[in-house]
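Structure first, then comments.
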Amino acid sequence: MMNPTVVTKEPNKESDHLADMFPHLTSENFPPMGLETSEFRKAAHRIIDWTIDYHESLKCGRLPIPAVKPGFMKERLPNAGPAQKESWETVFGDVENVVLDGALHWLSSNYFGYFPTGISYPSMLGDMLCTSTANIGFSWASSPSCTELETVMMDWLAKALNLPDFFLHNGRGPGGGVIQGSASEATLITMLAARNKVTQEERSRDPKQSIHEITARMVAYASKYSHSSVERASKVALVNIRLLDVDENISLRGSILRNAIEEDRRQGKIPMFVCATIGTTACCAYDNILELGSICQNENIWLHVDAAYAGSALLCPEYRYIAQGLQSITSFNFNPHKWMMVNFDCSVLWVRNSLDIINSLNVNPVYLQHKDQTKAIDYRHWQISLGRRLRSIKLWFVMRMIGLEGLQHHIRKGVSQAKYFELLVRSDGRFEVVFPVTLGLVCFRLLSPDSTLEKTNELNSKLCEEIQRDRRYVLTPSSVNDVYFLRFSGGMNFCDVESVKGCWEHMREKADLVLHHCGDLKPKINSKV
């Protein structure tokens, strides 16, 4: 019997030569994706299970406020990262101590601070898919799906909010929408667009004027209770800003704006931008868009609407009264990542004429040009940064898997929580509701028997300190017209009736404590609601 032929592989001299020249061309000990496929599959399943367990813990006693002090992380991590790789199990084992122990748990059922943070399982799945594809969609050519899905989603969302048709990509005008990272970015981008537009108009009238001379005369306007990002945008844009007084409803009115514009024009200044707010952070007040829009149209001034929080409520027809006058505005922004069950970051901006933004930010080097750039949208011209993620997939997943009816229910649930908490506050004569409760925010304060503003503010400051020290509930304070108060913000996913009741009982207990320390203890009014 013949021995089987042994086939010997001829040595690949070229491969051996390349390996000698470039030893790092092969990656036998270093998987191209950092982990082996089997190890990643195991870790990914574990992360999903952990996520569900973590969310359950937020409904079952995990304190939302961390008990750490500034600089705590230095004691928990080494001075430098490891040279040798560590296992998934080792790294994941440190998550509780390094991440969660020092985190403010925004998703807690006892979280009522700031405004809601958006989240849902469809959005999380969309984020995972977005991360997995690693698209950097700065232009249509760099990722056609990234661009065109965003274009369609912005039209879907504009229609769901009942925004004017001129904001639609397929509408009658050159307007359209784009996803930004935050409302702060949207305000800055629109202010820069307004600055560029006015600069071009002024130079067409008098070419001798320099850009610096024109910019120095520009003036932007906003309510003194507009978000701090408006003032910050003016600093970046090098535009002077006037923060105007408001009426008794904390609303910026047309008469106040008109007087400011006339005063500035007499001084040779150029009014060029107004930021109106629908749902201020301090107390959820609404600027009068109808009045402001009429003035801005007559004066040829850009009117931007910041509806970062309250914009989600426009999904419900019964709340659209807060946004009367949108036919007169130039741009509109809100944050689905606040109250629309979409994970951060996802802030949406619509403009009446997209060329205003494109002309202010367009830089087009050869390496970014492509053959379809005159026929397709390149969103890099609509934002500050170049690269952009496939964020529209989160909107696509949420709007399909939750649907408009589901999103409307979520909004109405948050409003109902606020209305219920308002009822509880009004049942105790020691407290008062400071501003009308229109959406998901309740502004309230503890009254001081001393009745002076200074003493009442001091009392509520101490109440806030006690709440934060206790760590069981999250509320944040604010101040309007020198009145200090606490804010209860409903609308978080895991909040329910028992959470609202528990928060209120906690307020009563802390009020007893603070009043006792101040020597002002009064009997509680035990009205049942």
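Going by the structure tokens order, chains are called A, B, ..., each with residues numbered from 1, while ligands are numbered from 1 in the order shown.
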Determine, for each residue of range 27-87 of chain A having at least one atom at most 10 Å from an atom of range 491-504 of chain A, the closest pair of atoms and their separation in Å to one decimal, counting only C-alpha atoms; order by chain and ascending number, as CSV.
residue,atom,partner,partner_atom,distance
A:His55,CA,A:Phe494,CA,8.6
A:Glu56,CA,A:Phe494,CA,9.2
A:Leu58,CA,A:Phe494,CA,8.1
A:Lys59,CA,A:Phe494,CA,6.9
Would you export the selected residues with all heavy atoms as a PDB file, in the first residue's frame, please?
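result-v8.pdb, written as the output of this step:
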ATOM      1  N   HIS A  55     -32.615  49.556  34.845  1.00  0.00           N
ATOM      2  CA  HIS A  55     -33.868  50.310  34.794  1.00  0.00           C
ATOM      3  C   HIS A  55     -34.831  49.856  35.890  1.00  0.00           C
ATOM      4  O   HIS A  55     -35.541  50.678  36.478  1.00  0.00           O
ATOM      5  CB  HIS A  55     -34.507  50.166  33.415  1.00  0.00           C
ATOM      6  CG  HIS A  55     -33.776  50.909  32.339  1.00  0.00           C
ATOM      7  ND1 HIS A  55     -34.015  50.695  30.990  1.00  0.00           N
ATOM      8  CD2 HIS A  55     -32.808  51.854  32.405  1.00  0.00           C
ATOM      9  CE1 HIS A  55     -33.228  51.484  30.281  1.00  0.00           C
ATOM     10  NE2 HIS A  55     -32.483  52.193  31.118  1.00  0.00           N
ATOM     11  N   GLU A  56     -34.864  48.558  36.163  1.00  0.00           N
ATOM     12  CA  GLU A  56     -35.707  48.066  37.254  1.00  0.00           C
ATOM     13  C   GLU A  56     -35.247  48.615  38.599  1.00  0.00           C
ATOM     14  O   GLU A  56     -36.060  48.939  39.462  1.00  0.00           O
ATOM     15  CB  GLU A  56     -35.706  46.535  37.271  1.00  0.00           C
ATOM     16  CG  GLU A  56     -36.490  45.904  36.135  1.00  0.00           C
ATOM     17  CD  GLU A  56     -37.957  46.307  36.157  1.00  0.00           C
ATOM     18  OE1 GLU A  56     -38.570  46.282  37.246  1.00  0.00           O
ATOM     19  OE2 GLU A  56     -38.488  46.656  35.077  1.00  0.00           O
ATOM     20  N   LEU A  58     -34.046  51.422  39.197  1.00  0.00           N
ATOM     21  CA  LEU A  58     -34.425  52.825  39.331  1.00  0.00           C
ATOM     22  C   LEU A  58     -35.859  52.973  39.828  1.00  0.00           C
ATOM     23  O   LEU A  58     -36.277  54.056  40.242  1.00  0.00           O
ATOM     24  CB  LEU A  58     -34.267  53.536  37.983  1.00  0.00           C
ATOM     25  CG  LEU A  58     -32.854  53.575  37.425  1.00  0.00           C
ATOM     26  CD1 LEU A  58     -32.844  54.201  36.038  1.00  0.00           C
ATOM     27  CD2 LEU A  58     -31.923  54.341  38.354  1.00  0.00           C
ATOM     28  N   LYS A  59     -36.611  51.885  39.770  1.00  0.00           N
ATOM     29  CA  LYS A  59     -37.982  51.897  40.283  1.00  0.00           C
ATOM     30  C   LYS A  59     -38.078  51.232  41.654  1.00  0.00           C
ATOM     31  O   LYS A  59     -39.150  51.202  42.247  1.00  0.00           O
ATOM     32  CB  LYS A  59     -38.907  51.162  39.298  1.00  0.00           C
ATOM     33  CG  LYS A  59     -38.960  51.792  37.911  1.00  0.00           C
ATOM     34  CD  LYS A  59     -39.910  51.044  36.986  1.00  0.00           C
ATOM     35  CE  LYS A  59     -39.283  49.794  36.451  1.00  0.00           C
ATOM     36  NZ  LYS A  59     -40.147  49.107  35.438  1.00  0.00           N
TER      37      LYS A  59
END
Review point. Residues of range 201-252 of chain A in strand (DSSP E or B) according to DSSP, as a list in words?
Key: Met218, Val219, Ala220, Tyr221, Ala222, Ser223, Asn240, Ile241, Arg242, Leu243 and Leu244 of chain A
Write out the residues from the selection above, keeping all heavy atoms, as a CSV table (one decimal), in the first residue's frame.
chain,number,residue,atom,x,y,z
A,218,MET,N,-24.6,95.5,15.1
A,218,MET,CA,-25.7,94.6,15.2
A,218,MET,C,-26.2,94.4,16.6
A,218,MET,O,-25.5,94.5,17.5
A,218,MET,CB,-25.3,93.2,14.6
A,218,MET,CG,-25.1,93.2,13.1
A,218,MET,SD,-24.7,91.5,12.6
A,218,MET,CE,-24.3,91.8,10.8
A,219,VAL,N,-27.5,94.1,16.7
A,219,VAL,CA,-28.2,93.9,18.0
A,219,VAL,C,-29.1,92.7,17.9
A,219,VAL,O,-29.9,92.6,16.9
A,219,VAL,CB,-28.9,95.1,18.5
A,219,VAL,CG1,-29.4,94.9,20.0
A,219,VAL,CG2,-28.1,96.4,18.5
A,220,ALA,N,-29.0,91.8,18.8
A,220,ALA,CA,-29.9,90.7,19.0
A,220,ALA,C,-30.8,90.9,20.2
A,220,ALA,O,-30.4,91.6,21.1
A,220,ALA,CB,-29.2,89.4,19.1
A,221,TYR,N,-32.0,90.3,20.3
A,221,TYR,CA,-32.9,90.5,21.4
A,221,TYR,C,-33.4,89.2,21.9
A,221,TYR,O,-33.7,88.2,21.1
A,221,TYR,CB,-34.1,91.4,20.9
A,221,TYR,CG,-33.7,92.7,20.3
A,221,TYR,CD1,-33.5,92.8,18.9
A,221,TYR,CD2,-33.5,93.8,21.1
A,221,TYR,CE1,-33.1,94.0,18.3
A,221,TYR,CE2,-33.2,95.0,20.5
A,221,TYR,CZ,-33.0,95.1,19.1
A,221,TYR,OH,-32.6,96.3,18.5
A,222,ALA,N,-33.7,89.1,23.2
A,222,ALA,CA,-34.3,88.0,23.8
A,222,ALA,C,-34.9,88.4,25.1
A,222,ALA,O,-34.5,89.4,25.7
A,222,ALA,CB,-33.4,86.8,24.0
A,223,SER,N,-35.8,87.6,25.6
A,223,SER,CA,-36.3,87.8,27.0
A,223,SER,C,-35.2,87.6,28.0
A,223,SER,O,-34.3,86.8,27.8
A,223,SER,CB,-37.4,86.8,27.3
A,223,SER,OG,-37.6,86.6,28.7
A,240,ASN,N,-23.9,92.0,19.8
A,240,ASN,CA,-24.5,92.6,21.0
A,240,ASN,C,-25.9,92.0,21.2
A,240,ASN,O,-26.6,91.9,20.3
A,240,ASN,CB,-24.5,94.1,21.0
A,240,ASN,CG,-23.1,94.7,20.9
A,240,ASN,OD1,-22.3,94.3,21.7
A,240,ASN,ND2,-22.9,95.7,20.0
A,241,ILE,N,-26.2,91.8,22.5
A,241,ILE,CA,-27.6,91.3,22.8
A,241,ILE,C,-28.2,92.1,23.9
A,241,ILE,O,-27.5,92.5,24.8
A,241,ILE,CB,-27.5,89.8,23.1
A,241,ILE,CG1,-29.0,89.2,23.2
A,241,ILE,CG2,-26.8,89.5,24.4
A,241,ILE,CD1,-29.0,87.7,23.3
A,242,ARG,N,-29.5,92.3,23.7
A,242,ARG,CA,-30.3,93.0,24.8
A,242,ARG,C,-31.3,92.0,25.3
A,242,ARG,O,-32.1,91.4,24.6
A,242,ARG,CB,-31.0,94.2,24.2
A,242,ARG,CG,-30.1,95.3,23.8
A,242,ARG,CD,-30.9,96.6,23.4
A,242,ARG,NE,-31.7,97.1,24.5
A,242,ARG,CZ,-32.5,98.2,24.3
A,242,ARG,NH1,-32.5,98.9,23.2
A,242,ARG,NH2,-33.2,98.6,25.4
A,243,LEU,N,-31.2,91.7,26.6
A,243,LEU,CA,-32.2,90.9,27.3
A,243,LEU,C,-33.3,91.7,27.9
A,243,LEU,O,-33.1,92.5,28.8
A,243,LEU,CB,-31.5,90.1,28.4
A,243,LEU,CG,-30.3,89.2,27.9
A,243,LEU,CD1,-29.6,88.5,29.1
A,243,LEU,CD2,-30.8,88.2,26.9
A,244,LEU,N,-34.5,91.6,27.3
A,244,LEU,CA,-35.6,92.5,27.5
A,244,LEU,C,-36.5,92.1,28.7
A,244,LEU,O,-36.6,90.9,29.0
A,244,LEU,CB,-36.4,92.7,26.2
A,244,LEU,CG,-35.6,93.1,25.0
A,244,LEU,CD1,-36.5,93.1,23.8
A,244,LEU,CD2,-35.0,94.5,25.2
Check your understanding: A:Leu395, A:Met272, A:Val305, A:Ile179: which is nearest Thr199 in chain A, counting only C-alpha atoms?
Key ->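 Using only C-alpha atoms, Thr199 in chain A sits closest to A:Met272.
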**Study point:** Spatial neighbours of Leu303 in chain A, 6 Å, only C-alpha atoms, chain gap at least 2 places, as a list in words
**Key:**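 Once the adjacent positions are removed, what remains is Val274, Ile329 and Thr330 of chain A.
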Writing out the chosen residues with N, CA, C and O atoms as a compact mmCIF listing (two decimals), in the first residue's frame:
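File out-v1.txt, as written:
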# COMPACT_ATOMS: atom_id res chain seq x y z
N VAL A 274 -34.02 87.99 16.76
CA VAL A 274 -34.82 87.87 17.98
C VAL A 274 -34.97 86.38 18.28
O VAL A 274 -35.32 85.59 17.40
N ILE A 329 -42.47 83.14 11.68
CA ILE A 329 -41.11 82.96 12.21
C ILE A 329 -40.14 82.56 11.10
O ILE A 329 -40.53 82.15 10.01
N THR A 330 -38.86 82.65 11.41
CA THR A 330 -37.80 82.30 10.46
C THR A 330 -37.23 80.91 10.71
O THR A 330 -36.85 80.21 9.77
Exercise for review: Extract, using only C-alpha atoms, all DNA, RNA and protein residues at most 7 Å from Ala308 in chain A, discarding same-chain residues fewer than 2 positions from it, and format them as a PyMOL selection string.
Suggested key: chain A and resi 183+306+310-311+333-335
Suppose we keep N, CA, C and O atoms; can you now write the selection as an mmCIF file, in the first residue's frame?
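New file result.cif:
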data_model
loop_
_atom_site.group_PDB
_atom_site.id
_atom_site.type_symbol
_atom_site.label_atom_id
_atom_site.label_comp_id
_atom_site.auth_asym_id
_atom_site.auth_seq_id
_atom_site.Cartn_x
_atom_site.Cartn_y
_atom_site.Cartn_z
ATOM 1 N N ALA A 183 -30.064 72.439 21.489
ATOM 2 C CA ALA A 183 -30.723 73.706 21.190
ATOM 3 C C ALA A 183 -29.717 74.846 21.189
ATOM 4 O O ALA A 183 -29.895 75.840 20.475
ATOM 5 N N ASP A 306 -37.148 79.176 20.176
ATOM 6 C CA ASP A 306 -36.548 78.119 20.991
ATOM 7 C C ASP A 306 -37.666 77.452 21.783
ATOM 8 O O ASP A 306 -38.184 78.012 22.746
ATOM 9 N N ALA A 310 -40.864 72.612 25.415
ATOM 10 C CA ALA A 310 -42.301 72.585 25.144
ATOM 11 C C ALA A 310 -42.647 72.143 23.729
ATOM 12 O O ALA A 310 -43.794 71.797 23.451
ATOM 13 N N GLY A 311 -41.678 72.127 22.817
ATOM 14 C CA GLY A 311 -41.972 71.765 21.435
ATOM 15 C C GLY A 311 -42.590 70.392 21.286
ATOM 16 O O GLY A 311 -43.442 70.161 20.419
ATOM 17 N N ASN A 333 -36.921 75.431 16.689
ATOM 18 C CA ASN A 333 -36.096 74.353 17.241
ATOM 19 C C ASN A 333 -36.765 73.746 18.473
ATOM 20 O O ASN A 333 -37.370 74.458 19.270
ATOM 21 N N PHE A 334 -36.662 72.421 18.599
ATOM 22 C CA PHE A 334 -37.007 71.781 19.872
ATOM 23 C C PHE A 334 -36.178 70.509 20.030
ATOM 24 O O PHE A 334 -35.522 70.049 19.096
ATOM 25 N N ASN A 335 -36.209 69.950 21.249
ATOM 26 C CA ASN A 335 -35.383 68.793 21.582
ATOM 27 C C ASN A 335 -36.220 67.530 21.758
ATOM 28 O O ASN A 335 -36.806 67.331 22.826
#
Review point. If we count only C-alpha atoms, what is near Leu149 in chain A at a cut-off of 12 Å, once residues fewer than 6 positions away on the same chain are taken out, given as a list in words?
Key: Gly137, Trp140, Ser143, Asp155, Trp156, Gly177, Val178, Ile179, Ile377, Arg389, Leu390, Arg391, Ser392, Ile393, Lys394, Leu395, Trp396 and Phe397 of chain A
Considering only C-alpha atoms, give me a table of residues in range 290-352 of chain A that are at most 6 Å from range 106-118 of chain A, with the closest atom pair and distance in Å for each, as a tab-separated table.
residue	atom	partner	partner_atom	distance
A:His337	CA	A:Gly118	CA	4.5
A:Lys338	CA	A:Thr117	CA	4.5
A:Trp339	CA	A:Gly118	CA	5.4
A:Met340	CA	A:Gly118	CA	6.0
A:Met341	CA	A:Gly118	CA	4.3
A:Val342	CA	A:Gly118	CA	4.8
A:Asn343	CA	A:Gly118	CA	5.0
Exercise for review: Mind checking which residues fall within 12 Å of His212 in chain A, counting only C-alpha atoms, ignoring those fewer than 6 positions away in the same chain, and posting them as a list in words?
Suggested key: Arg195, Asn196, Thr199, Glu202, Arg203, Met218, Ala237, Leu238 and Val239 of chain A
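Here CA of Leu349 in chain A and CA of Gly176 in chain A stand 8.4 Å from one another.
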